[in-house]
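Text of the file structure07.cif, holding mmCIF, C-alpha atoms:
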data_structure
loop_
_atom_site.label_atom_id
_atom_site.label_comp_id
_atom_site.auth_asym_id
_atom_site.auth_seq_id
_atom_site.Cartn_x
_atom_site.Cartn_y
_atom_site.Cartn_z
CA MET A 1 154.91 73.90 99.92
CA LYS A 2 155.33 77.65 100.36
CA LEU A 3 154.57 78.13 96.69
CA ILE A 4 151.37 76.07 96.99
CA LEU A 5 150.27 77.97 100.09
CA SER A 6 151.00 81.30 98.43
CA PHE A 7 149.06 80.32 95.33
CA THR A 8 146.13 79.07 97.45
CA ALA A 9 146.09 82.33 99.40
CA PHE A 10 146.21 84.34 96.17
CA VAL A 11 143.29 82.39 94.73
CA PHE A 12 141.32 82.75 97.97
CA ILE A 13 141.88 86.50 98.13
CA GLY A 14 140.94 86.81 94.47
CA LEU A 15 137.74 84.86 95.04
CA ILE A 16 136.78 87.05 98.01
CA ALA A 17 137.51 90.19 95.97
CA TYR A 18 135.41 88.86 93.09
CA LEU A 19 132.44 88.03 95.32
CA ALA A 20 132.64 91.41 97.03
CA LEU A 21 133.54 93.77 94.21
CA TRP A 22 132.78 92.39 90.75
CA PRO A 23 130.17 94.54 88.98
CA VAL A 24 126.68 93.08 88.76
CA PRO A 25 123.62 94.40 86.88
CA ILE A 26 121.52 94.75 90.02
CA ASP A 27 121.58 97.42 92.71
CA PRO A 28 119.73 95.62 95.52
CA VAL A 29 117.24 97.55 97.64
CA SER A 30 116.75 96.60 101.29
CA TRP A 31 113.24 95.54 102.31
CA GLN A 32 111.69 93.18 104.84
CA ALA A 33 109.96 90.15 103.40
CA PRO A 34 106.94 89.06 105.43
CA GLU A 35 107.20 85.74 107.22
CA ASP A 36 106.29 82.92 104.86
CA LYS A 37 103.48 81.00 106.59
CA GLY A 38 103.58 78.34 103.91
CA TYR A 39 100.75 76.12 102.77
CA VAL A 40 98.32 76.48 105.67
CA GLY A 41 94.77 77.76 106.11
CA ALA A 42 93.26 78.77 102.79
CA PHE A 43 96.45 77.49 101.11
CA ALA A 44 96.41 74.02 102.66
CA VAL A 45 98.02 71.47 100.36
CA ASN A 46 95.72 69.64 97.95
CA GLN A 47 95.98 67.73 94.68
CA ARG A 48 93.14 69.34 92.76
CA LEU A 49 95.33 69.98 89.72
CA ASP A 50 95.94 66.24 89.40
CA ALA A 51 92.70 66.18 87.38
CA LEU A 52 94.25 68.28 84.59
CA LYS A 53 93.95 67.10 81.01
CA PHE A 54 96.51 68.18 78.44
CA VAL A 55 96.84 69.22 74.82
CA PRO A 56 100.37 68.89 73.37
CA LEU A 57 101.53 72.15 71.80
CA GLY A 58 104.26 71.05 69.41
CA GLU A 59 106.30 74.10 68.46
CA ASN A 60 104.15 76.40 70.60
CA TRP A 61 105.86 75.93 73.95
CA GLY A 62 105.13 78.12 76.97
CA PRO A 63 101.36 78.81 76.98
CA GLU A 64 101.61 82.09 78.91
CA ASP A 65 98.00 83.27 78.57
CA VAL A 66 94.74 82.45 76.82
CA ALA A 67 91.65 84.42 75.84
CA VAL A 68 88.33 83.21 74.49
CA GLY A 69 87.37 85.15 71.38
CA PRO A 70 83.94 86.40 70.26
CA ASN A 71 83.71 83.26 68.12
CA GLY A 72 84.21 81.07 71.20
CA LYS A 73 87.67 79.92 70.09
CA ILE A 74 90.57 79.76 72.52
CA HIS A 75 93.48 81.98 71.54
CA MET A 76 96.84 81.36 73.17
CA ALA A 77 100.03 83.43 73.53
CA THR A 78 103.18 81.32 73.59
CA HIS A 79 106.82 81.90 74.41
CA ALA A 80 107.60 80.58 70.97
CA GLY A 81 106.39 84.01 69.79
CA ASN A 82 103.14 82.82 68.27
CA ILE A 83 99.44 83.43 68.68
CA ALA A 84 97.63 80.13 68.19
CA VAL A 85 94.04 78.91 68.23
CA ILE A 86 93.46 75.67 70.12
CA ASP A 87 90.53 73.25 70.32
CA LEU A 88 90.46 71.36 73.61
CA ALA A 89 88.16 68.61 72.35
CA SER A 90 90.16 67.62 69.28
CA GLY A 91 93.58 68.88 70.33
CA ALA A 92 93.87 70.77 67.04
CA ILE A 93 96.21 73.78 67.06
CA GLU A 94 96.54 76.44 64.40
CA THR A 95 99.21 79.12 64.53
CA ILE A 96 97.57 82.26 63.15
CA ALA A 97 100.19 84.94 63.79
CA SER A 98 103.68 85.62 65.07
CA THR A 99 104.53 88.81 66.92
CA GLY A 100 108.24 88.52 66.27
CA GLY A 101 108.77 88.83 70.00
CA ARG A 102 107.55 87.24 73.22
CA PRO A 103 103.77 87.68 73.68
CA LEU A 104 102.57 87.43 77.29
CA GLY A 105 99.16 88.73 78.40
CA ILE A 106 96.33 88.80 75.84
CA GLU A 107 92.73 90.00 75.94
CA PHE A 108 90.05 90.76 73.38
CA ALA A 109 88.83 94.31 72.87
CA PRO A 110 85.09 94.93 72.36
CA ASP A 111 85.54 95.15 68.57
CA GLY A 112 87.14 91.68 68.39
CA THR A 113 90.73 92.90 68.14
CA LEU A 114 93.17 90.86 70.22
CA ILE A 115 95.32 93.10 72.40
CA ILE A 116 98.76 91.65 73.16
CA ALA A 117 101.36 92.67 75.74
CA ASP A 118 104.61 91.59 74.10
CA SER A 119 107.59 91.75 76.44
CA PHE A 120 110.05 92.23 73.57
CA VAL A 121 108.06 94.60 71.36
CA GLY A 122 105.44 96.55 73.32
CA LEU A 123 101.64 96.74 73.16
CA LEU A 124 100.25 95.14 70.00
CA ALA A 125 96.88 94.61 68.33
CA MET A 126 95.98 91.63 66.16
CA SER A 127 93.09 92.10 63.73
CA LYS A 128 90.67 89.31 62.85
CA ASP A 129 92.75 88.37 59.79
CA GLY A 130 95.90 87.90 61.90
CA THR A 131 97.60 91.18 61.01
CA ILE A 132 99.79 92.49 63.84
CA LYS A 133 100.02 96.23 64.52
CA LEU A 134 102.17 98.06 67.06
CA LEU A 135 100.03 100.28 69.27
CA THR A 136 102.77 101.70 71.48
CA ASP A 137 106.30 101.03 72.68
CA LYS A 138 106.83 104.23 74.66
CA THR A 139 104.93 106.54 76.94
CA ALA A 140 103.88 110.14 76.32
CA ASP A 141 106.97 111.36 78.19
CA GLY A 142 109.20 109.37 75.83
CA SER A 143 110.21 106.55 78.17
CA ARG A 144 110.53 103.13 76.55
CA ILE A 145 108.30 100.23 77.45
CA ARG A 146 110.90 97.60 78.27
CA TYR A 147 108.78 94.72 79.53
CA ALA A 148 105.08 94.80 78.61
CA ASN A 149 103.57 92.03 80.68
CA ASN A 150 99.80 91.74 81.20
CA VAL A 151 96.75 93.54 79.86
CA ALA A 152 93.12 94.40 80.60
CA VAL A 153 90.74 96.11 78.17
CA ALA A 154 87.84 98.38 79.14
CA ALA A 155 84.48 98.54 77.37
CA ASP A 156 85.49 101.76 75.59
CA GLY A 157 88.66 100.13 74.23
CA VAL A 158 91.06 101.78 76.69
CA VAL A 159 93.88 99.38 77.57
CA TYR A 160 95.51 99.02 80.98
CA PHE A 161 98.77 97.11 81.00
CA SER A 162 101.83 96.50 83.14
CA ASP A 163 105.43 97.33 82.36
CA ALA A 164 107.10 94.81 84.66
CA SER A 165 110.47 96.54 84.85
CA THR A 166 111.75 99.83 83.49
CA LYS A 167 115.31 98.66 84.17
CA PHE A 168 115.56 95.04 83.04
CA SER A 169 114.40 94.54 79.49
CA ALA A 170 113.09 91.06 78.74
CA LYS A 171 114.64 91.20 75.28
CA ALA A 172 118.03 92.55 76.37
CA GLU A 173 118.37 90.07 79.25
CA GLY A 174 117.66 87.07 77.03
CA GLY A 175 114.10 86.31 78.10
CA THR A 176 111.28 87.04 80.48
CA LEU A 177 112.46 84.64 83.18
CA GLU A 178 116.00 86.02 83.11
CA ALA A 179 114.79 89.62 83.39
CA SER A 180 112.31 88.77 86.13
CA LEU A 181 114.97 87.06 88.26
CA LEU A 182 117.17 90.16 88.02
CA ASP A 183 114.33 92.51 88.93
CA LEU A 184 113.19 90.36 91.86
CA MET A 185 116.75 90.06 93.16
CA GLU A 186 117.16 93.82 93.01
CA HIS A 187 113.67 94.55 94.41
CA GLY A 188 113.75 98.10 93.07
CA PRO A 189 110.67 100.23 92.32
CA ASN A 190 111.01 99.51 88.61
CA GLY A 191 107.49 98.38 87.71
CA ARG A 192 104.59 100.53 86.57
CA LEU A 193 101.02 100.49 85.32
CA LEU A 194 100.27 102.09 81.96
CA LYS A 195 97.13 103.21 80.16
CA TYR A 196 96.77 103.31 76.39
CA ASP A 197 93.90 105.36 74.96
CA PRO A 198 93.29 104.28 71.33
CA HIS A 199 91.07 107.30 70.70
CA LYS A 200 93.96 109.66 71.45
CA ASP A 201 96.80 107.27 70.59
CA LEU A 202 98.23 108.22 73.98
CA THR A 203 100.13 106.11 76.51
CA GLU A 204 100.25 107.40 80.07
CA VAL A 205 101.86 106.19 83.28
CA ILE A 206 99.09 105.93 85.87
CA TYR A 207 101.11 104.32 88.66
CA SER A 208 104.83 103.68 89.15
CA GLY A 209 107.19 102.47 91.85
CA LEU A 210 105.98 98.85 91.88
CA SER A 211 108.22 95.85 92.56
CA TYR A 212 107.85 93.81 89.38
CA ALA A 213 104.41 94.79 88.07
CA ASN A 214 102.71 91.72 86.68
CA GLY A 215 99.06 90.68 86.21
CA VAL A 216 96.30 93.23 85.56
CA ALA A 217 92.54 92.63 85.76
CA LEU A 218 89.63 95.05 85.43
CA ALA A 219 86.58 94.83 87.71
CA ASP A 220 83.34 93.87 85.98
CA ASP A 221 81.96 97.37 86.63
CA GLU A 222 85.36 98.92 85.79
CA SER A 223 85.51 100.72 89.12
CA TYR A 224 88.97 99.37 89.94
CA LEU A 225 91.95 97.43 88.68
CA LEU A 226 93.63 94.54 90.44
CA ILE A 227 97.40 94.57 89.95
CA VAL A 228 99.83 91.82 90.88
CA GLU A 229 103.02 93.02 92.55
CA THR A 230 105.16 89.93 92.32
CA GLY A 231 108.06 91.32 94.33
CA THR A 232 105.94 91.73 97.47
CA TYR A 233 103.82 88.57 97.02
CA SER A 234 100.75 90.81 96.82
CA VAL A 235 97.65 91.78 94.88
CA LEU A 236 96.88 95.51 94.86
CA ARG A 237 93.69 97.39 94.03
CA LEU A 238 93.75 100.72 92.22
CA TRP A 239 90.45 102.58 92.30
CA LEU A 240 89.49 104.14 88.98
CA LYS A 241 86.12 105.66 89.88
CA GLY A 242 84.34 107.25 92.81
CA VAL A 243 85.65 109.24 95.74
CA ARG A 244 88.63 106.91 96.10
CA ALA A 245 89.77 107.21 92.47
CA GLY A 246 93.56 107.10 92.29
CA GLU A 247 93.99 105.30 95.63
CA LEU A 248 96.11 102.16 95.75
CA GLU A 249 95.70 99.54 98.46
CA THR A 250 96.84 96.00 99.15
CA VAL A 251 93.98 93.48 99.13
CA THR A 252 95.91 90.17 99.23
CA ALA A 253 99.23 90.03 101.05
CA ASN A 254 101.89 87.50 101.96
CA LEU A 255 101.04 84.90 99.34
CA PRO A 256 102.97 81.60 99.65
CA GLY A 257 104.34 81.91 96.13
CA PHE A 258 105.33 84.34 93.40
CA PRO A 259 102.06 85.64 91.90
CA ASP A 260 101.91 86.06 88.14
CA ASN A 261 98.88 86.78 85.93
CA ILE A 262 95.41 87.60 87.16
CA ALA A 263 92.22 87.31 85.11
CA ALA A 264 88.58 88.14 85.72
CA ALA A 265 86.37 85.05 85.86
CA GLY A 266 83.26 87.00 84.83
CA ASP A 267 81.42 86.45 88.11
CA GLY A 268 83.14 89.05 90.26
CA THR A 269 86.02 86.73 91.12
CA TYR A 270 89.54 86.45 89.73
CA TRP A 271 91.99 83.68 88.91
CA LEU A 272 95.58 84.17 90.00
CA GLY A 273 98.58 82.00 89.12
CA LEU A 274 101.42 81.34 91.54
CA ALA A 275 104.39 80.56 89.33
CA SER A 276 106.60 79.12 92.06
CA PRO A 277 106.73 78.72 95.85
CA ARG A 278 108.64 81.43 97.65
CA SER A 279 112.40 81.13 98.10
CA ALA A 280 113.59 80.97 101.71
CA PRO A 281 117.09 82.22 100.76
CA MET A 282 115.63 85.23 98.91
CA ASP A 283 113.33 86.08 101.83
CA GLY A 284 116.20 85.66 104.29
CA LEU A 285 118.36 88.09 102.29
CA SER A 286 115.60 90.66 101.73
CA ASN A 287 117.15 93.15 104.19
CA LYS A 288 120.73 92.27 103.21
CA PRO A 289 121.33 93.98 99.87
CA PHE A 290 125.11 93.47 99.91
CA LEU A 291 124.70 89.70 100.25
CA ARG A 292 122.19 89.69 97.40
CA SER A 293 124.91 91.25 95.24
CA VAL A 294 127.24 88.46 96.35
CA VAL A 295 124.66 85.84 95.40
CA GLN A 296 124.32 87.46 91.98
CA ARG A 297 128.05 86.91 91.42
CA LEU A 298 127.70 83.17 91.96
CA PRO A 299 127.34 80.84 88.96
CA SER A 300 123.74 80.82 87.76
CA PHE A 301 123.15 77.23 88.89
CA LEU A 302 123.87 78.29 92.50
CA ARG A 303 121.37 81.17 92.51
CA PRO A 304 117.71 80.77 93.60
CA LYS A 305 115.53 79.30 90.86
CA PRO A 306 111.78 78.75 90.44
CA GLN A 307 110.53 75.51 91.97
CA ARG A 308 108.14 73.19 90.17
CA TYR A 309 104.81 73.31 92.01
CA GLY A 310 101.42 73.72 90.36
CA HIS A 311 99.23 76.38 91.96
CA ILE A 312 96.31 78.63 91.03
CA VAL A 313 94.11 80.65 93.36
CA ARG A 314 90.66 82.24 93.06
CA ILE A 315 90.03 85.48 94.98
CA ASP A 316 87.21 87.99 95.16
CA GLY A 317 87.47 91.73 94.51
CA ASN A 318 88.45 92.36 98.11
CA GLY A 319 91.32 89.90 97.88
CA LYS A 320 89.72 87.12 99.93
CA VAL A 321 91.01 83.70 98.94
CA LEU A 322 88.02 81.60 97.87
CA GLU A 323 89.77 78.45 96.73
CA THR A 324 93.17 77.10 95.81
CA LEU A 325 94.05 74.35 93.34
CA GLN A 326 97.46 72.74 93.66
CA GLY A 327 99.73 70.16 92.06
CA PRO A 328 102.52 69.56 94.59
CA ASP A 329 104.33 67.04 92.38
CA GLY A 330 105.05 69.76 89.81
CA THR A 331 103.80 67.72 86.86
CA TYR A 332 102.39 70.92 85.32
CA ALA A 333 104.17 73.86 86.91
CA LEU A 334 105.21 77.51 86.71
CA ASN A 335 101.53 78.33 86.41
CA THR A 336 101.00 81.86 85.11
CA GLY A 337 97.24 81.84 85.70
CA ALA A 338 93.87 80.42 84.70
CA ARG A 339 90.76 81.44 82.77
CA PRO A 340 87.30 79.97 82.30
CA GLY A 341 87.09 78.14 78.98
CA PRO A 342 84.31 76.84 76.75
CA GLY A 343 81.53 74.77 78.28
CA GLY A 344 82.56 75.22 81.90
CA SER A 345 86.19 74.16 81.49
CA LEU A 346 89.04 75.93 83.29
CA ILE A 347 92.24 76.54 81.35
CA VAL A 348 95.50 76.64 83.31
CA THR A 349 98.50 78.32 81.73
CA SER A 350 102.25 78.00 82.25
CA LEU A 351 105.50 79.84 81.66
CA THR A 352 107.43 76.88 80.30
CA GLU A 353 105.29 73.80 79.59
CA ARG A 354 105.03 72.21 76.15
CA ARG A 355 101.35 71.38 76.66
CA LEU A 356 98.26 73.29 77.72
CA GLY A 357 96.45 72.13 80.84
CA TYR A 358 92.71 72.30 81.42
CA LEU A 359 90.11 70.99 83.83
CA GLN A 360 87.03 69.44 82.28
CA PRO A 361 83.52 70.81 82.91
CA GLY A 362 82.38 69.87 86.40
CA TRP A 363 85.87 70.36 87.83
CA GLU A 364 84.37 72.20 90.81
CA ASN A 365 82.85 68.98 92.18
#
Is it possible to express this structure as structure tokens?
Amino acid sequence: MKLILSFTAFVFIGLIAYLALWPVPIDPVSWQAPEDKGYVGAFAVNQRLDALKFVPLGENWGPEDVAVGPNGKIHMATHAGNIAVIDLASGAIETIASTGGRPLGIEFAPDGTLIIADSFVGLLAMSKDGTIKLLTDKTADGSRIRYANNVAVAADGVVYFSDASTKFSAKAEGGTLEASLLDLMEHGPNGRLLKYDPHKDLTEVIYSGLSYANGVALADDESYLLIVETGTYSVLRLWLKGVRAGELETVTANLPGFPDNIAAAGDGTYWLGLASPRSAPMDGLSNKPFLRSVVQRLPSFLRPKPQRYGHIVRIDGNGKVLETLQGPDGTYALNTGARPGPGGSLIVTSLTERRLGYLQPGWEN
């Protein structure tokens, strides 16, 4: 009996030492998460995403982002590493290029080039014939772009894009989700906003110190950028022109989920994806960095994970929530965002799904 008790005590002490001392990749930063008000007010629960129609994607799983080209065709970036063209009416899919990495945000430049933020490779450009070219994978000061995430292109071809984390590389950590969970658990100021000028072949850091920099959208008049700061459940506005140029402000705060991509709708409003509802354990441990380190030492299945809940939101340039479309049953979840599609359709994207969701014309009614 003494031997059993001694062994049990030894195991218990070892477990406590492991949970308290074992090295982890994160260095948690203390912060105070705002109180999660949940799905009330403008975010009241609804089932508007129940009307989604779907196109199976075959090998092209994870439709992260879409962009409608000058020819009216829908181009799609997938976690399978491909750029594909998809026809909603027929369901036809054609893979036209592979980046060799993990393409996330995409947007067409004025000359018809498709600009791609690839989390494994950097900022890429795809020509009309499908040829992929690396534009940049480091900044002018020599720092590496570890996690290119989302992109917006100005009328003069200048590209604004996010580097989600300068610490946790999507490629090195085994994927975008894995790297994002590490960065969110740490809550360090690792994210930044970059600017690539194709005329000078120059990549500059225009804002740093963000908590997981994510979606980027340019105002129709290009006077400001909207930037998603996933770690604070916020949408920020960075002024590019006028007397306030260079100022950063929060326009949408305390969202009920983890915001992802943001895209201009073309009418002065913006579509925002909420990839998952917020995590009560993560919020509760926001000001307890030591305990977050302990949680990181637990087996992965015991750590907080994204929850399946469909959710997209439309806001105006001042961050006001105009409408919210939800799918509480999680049939089509981890929504990265939405964009207007051909003929009045609305395309809804996802981090992990093996089909592309869309609402048919007249979905507003």
Original post:
Skipping near chain neighbours, those fewer than 6 positions away, what residues fall within 8 Å of Ile347 in chain A using only C-alpha atoms, listed as a ChimeraX atom specification?
Top reply: /A:66,338-341,356-359
**OP:** Find the distance between CA of Ile83 in chain A and CA of Asp111 in chain A and write it in Å to one decimal.
**Re:** 18.2 Å
Original post:
Nearest to Pro25 in chain A among A:Arg278, A:Arg48, A:Arg292, A:Arg354, with distances taken over all atoms listed in the file: which residue is it?
Top reply: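 Counting all atoms listed in the file, the residue closest to Pro25 in chain A is A:Arg292.
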Subject >> Residues matched by the PyMOL selection byres ((chain A and resi 137-151) around 9), written as a PyMOL selection string >> reply: chain A and resi 103-107+115-124+134-136+152-153+159-172+176+179+194+196+202-205+213-217+261-262
Subject >> Test item: the PyMOL selection byres ((chain A and resi 353) around 8) resolved as a list in words >> reply: Trp61, Gly62, Pro63, Tyr332, Ala333, Ser350, Leu351, Thr352, Arg354, Arg355 and Leu356 of chain A
Export of prior selection with C-alpha atoms as an mmCIF file, keeping the file's coordinate frame:
data_model
loop_
_atom_site.group_PDB
_atom_site.id
_atom_site.type_symbol
_atom_site.label_atom_id
_atom_site.label_comp_id
_atom_site.auth_asym_id
_atom_site.auth_seq_id
_atom_site.Cartn_x
_atom_site.Cartn_y
_atom_site.Cartn_z
ATOM 1 C CA TRP A 61 105.860 75.930 73.950
ATOM 2 C CA GLY A 62 105.130 78.120 76.970
ATOM 3 C CA PRO A 63 101.360 78.810 76.980
ATOM 4 C CA TYR A 332 102.390 70.920 85.320
ATOM 5 C CA ALA A 333 104.170 73.860 86.910
ATOM 6 C CA SER A 350 102.250 78.000 82.250
ATOM 7 C CA LEU A 351 105.500 79.840 81.660
ATOM 8 C CA THR A 352 107.430 76.880 80.300
ATOM 9 C CA ARG A 354 105.030 72.210 76.150
ATOM 10 C CA ARG A 355 101.350 71.380 76.660
ATOM 11 C CA LEU A 356 98.260 73.290 77.720
#
Original post:
Which one of A:Asn335, A:Ser98, A:Gln296, A:Thr131 sits closest to Leu184 in chain A if you count all atoms listed in the file?
Top reply: A:Gln296
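Distance-wise, CA of Ile26 in chain A and CA of Asn190 in chain A end up 11.6 Å apart.
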Original post:
Skipping near chain neighbours, those fewer than 5 positions away, what residues fall within 12 Å of Leu285 in chain A using all atoms listed in the file, listed as a list in words?
Top reply: Pro28, Val29, Ser30, Trp31, Gln32, Ala33, Pro34, Leu184, Met185, Glu186, His187, Ser279, Ala280, Phe290, Leu291, Arg292, Ser293, Val294, Val295, Gln296 and Pro304 of chain A
Subject >> Among listed residues A:Pro56, A:Gly268, A:Gly362, A:Gly41, nearest Leu346 in chain A (using only C-alpha atoms) >> reply: A:Gly362
**OP:** One decimal, Å: what's the distance from CA of Leu272 in chain A over to CA of Arg314 in chain A, could you say?
**Re:**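 Straight-line distance from CA of Leu272 in chain A to CA of Arg314 in chain A works out to 6.1 Å.
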Original post:
Using only C-alpha atoms, which residue out of A:Tyr309, A:Pro342, A:Val158, A:Glu173 lies closest to Gly327 in chain A?
Top reply: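 Among A:Tyr309, A:Pro342, A:Val158, A:Glu173, it is A:Tyr309 that comes nearest to Gly327 in chain A.
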**OP:** Tell me which residues the PyMOL selection byres ((chain A and resi 247) around 12) grabs here, as a list in words.
**Re:**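 Evaluating the PyMOL selection byres ((chain A and resi 247) around 12) on these coordinates yields Ile206, Tyr207, Ser223, Tyr224, Leu225, Leu226, Leu236, Arg237, Leu238, Trp239, Leu240, Lys241, Gly242, Val243, Arg244, Ala245, Gly246, Leu248, Glu249 and Thr250 of chain A.
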Original post:
For Leu298 in chain A, which residue out of A:Ala275, A:Val24, A:Ala97, A:Ala42 is the nearest one, using all atoms listed in the file?
Top reply: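 Looking at the shortest contact to Leu298 in chain A, the residue is A:Val24.
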At most 8 Å is the cut-off: for each residue in range 180-291 of chain A with any atom that close to an atom of range 317-326 of chain A, write down the nearest atom pair and the distance in Å rounded to one decimal, counting all atoms listed in the file, chain first then increasing number, as a tab-separated table.
residue	atom	partner	partner_atom	distance
A:Ala219	CA	A:Gly317	CA	7.5
A:Leu226	CA	A:Gly317	CA	7.9
A:Val235	CA	A:Gly319	CA	7.3
A:Val251	CA	A:Gly319	CA	4.6
A:Thr252	CA	A:Gly319	CA	4.8
A:Gly268	CA	A:Gly317	CA	6.6
A:Thr269	CA	A:Gly317	CA	6.2
A:Tyr270	CA	A:Gly317	CA	7.4
Original post:
Using only C-alpha atoms, which residues sit within 7 Å of Pro361 in chain A once same-chain residues fewer than 4 positions away are excluded, as JSON, numbers by chain?
Top reply: {"A": [343, 344, 345]}
What does the file look like for those residues with C-alpha atoms, as an mmCIF file, keeping the file's coordinate frame?
data_model
loop_
_atom_site.group_PDB
_atom_site.id
_atom_site.type_symbol
_atom_site.label_atom_id
_atom_site.label_comp_id
_atom_site.auth_asym_id
_atom_site.auth_seq_id
_atom_site.Cartn_x
_atom_site.Cartn_y
_atom_site.Cartn_z
ATOM 1 C CA GLY A 343 81.530 74.770 78.280
ATOM 2 C CA GLY A 344 82.560 75.220 81.900
ATOM 3 C CA SER A 345 86.190 74.160 81.490
#
**OP:** Tell me which of A:Ile96, A:Ala253, A:Ala77, A:Ile86 sits closest to Thr336 in chain A, counting all atoms listed in the file.
**Re:**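 Under the stated criterion, the closest residue is A:Ala77.
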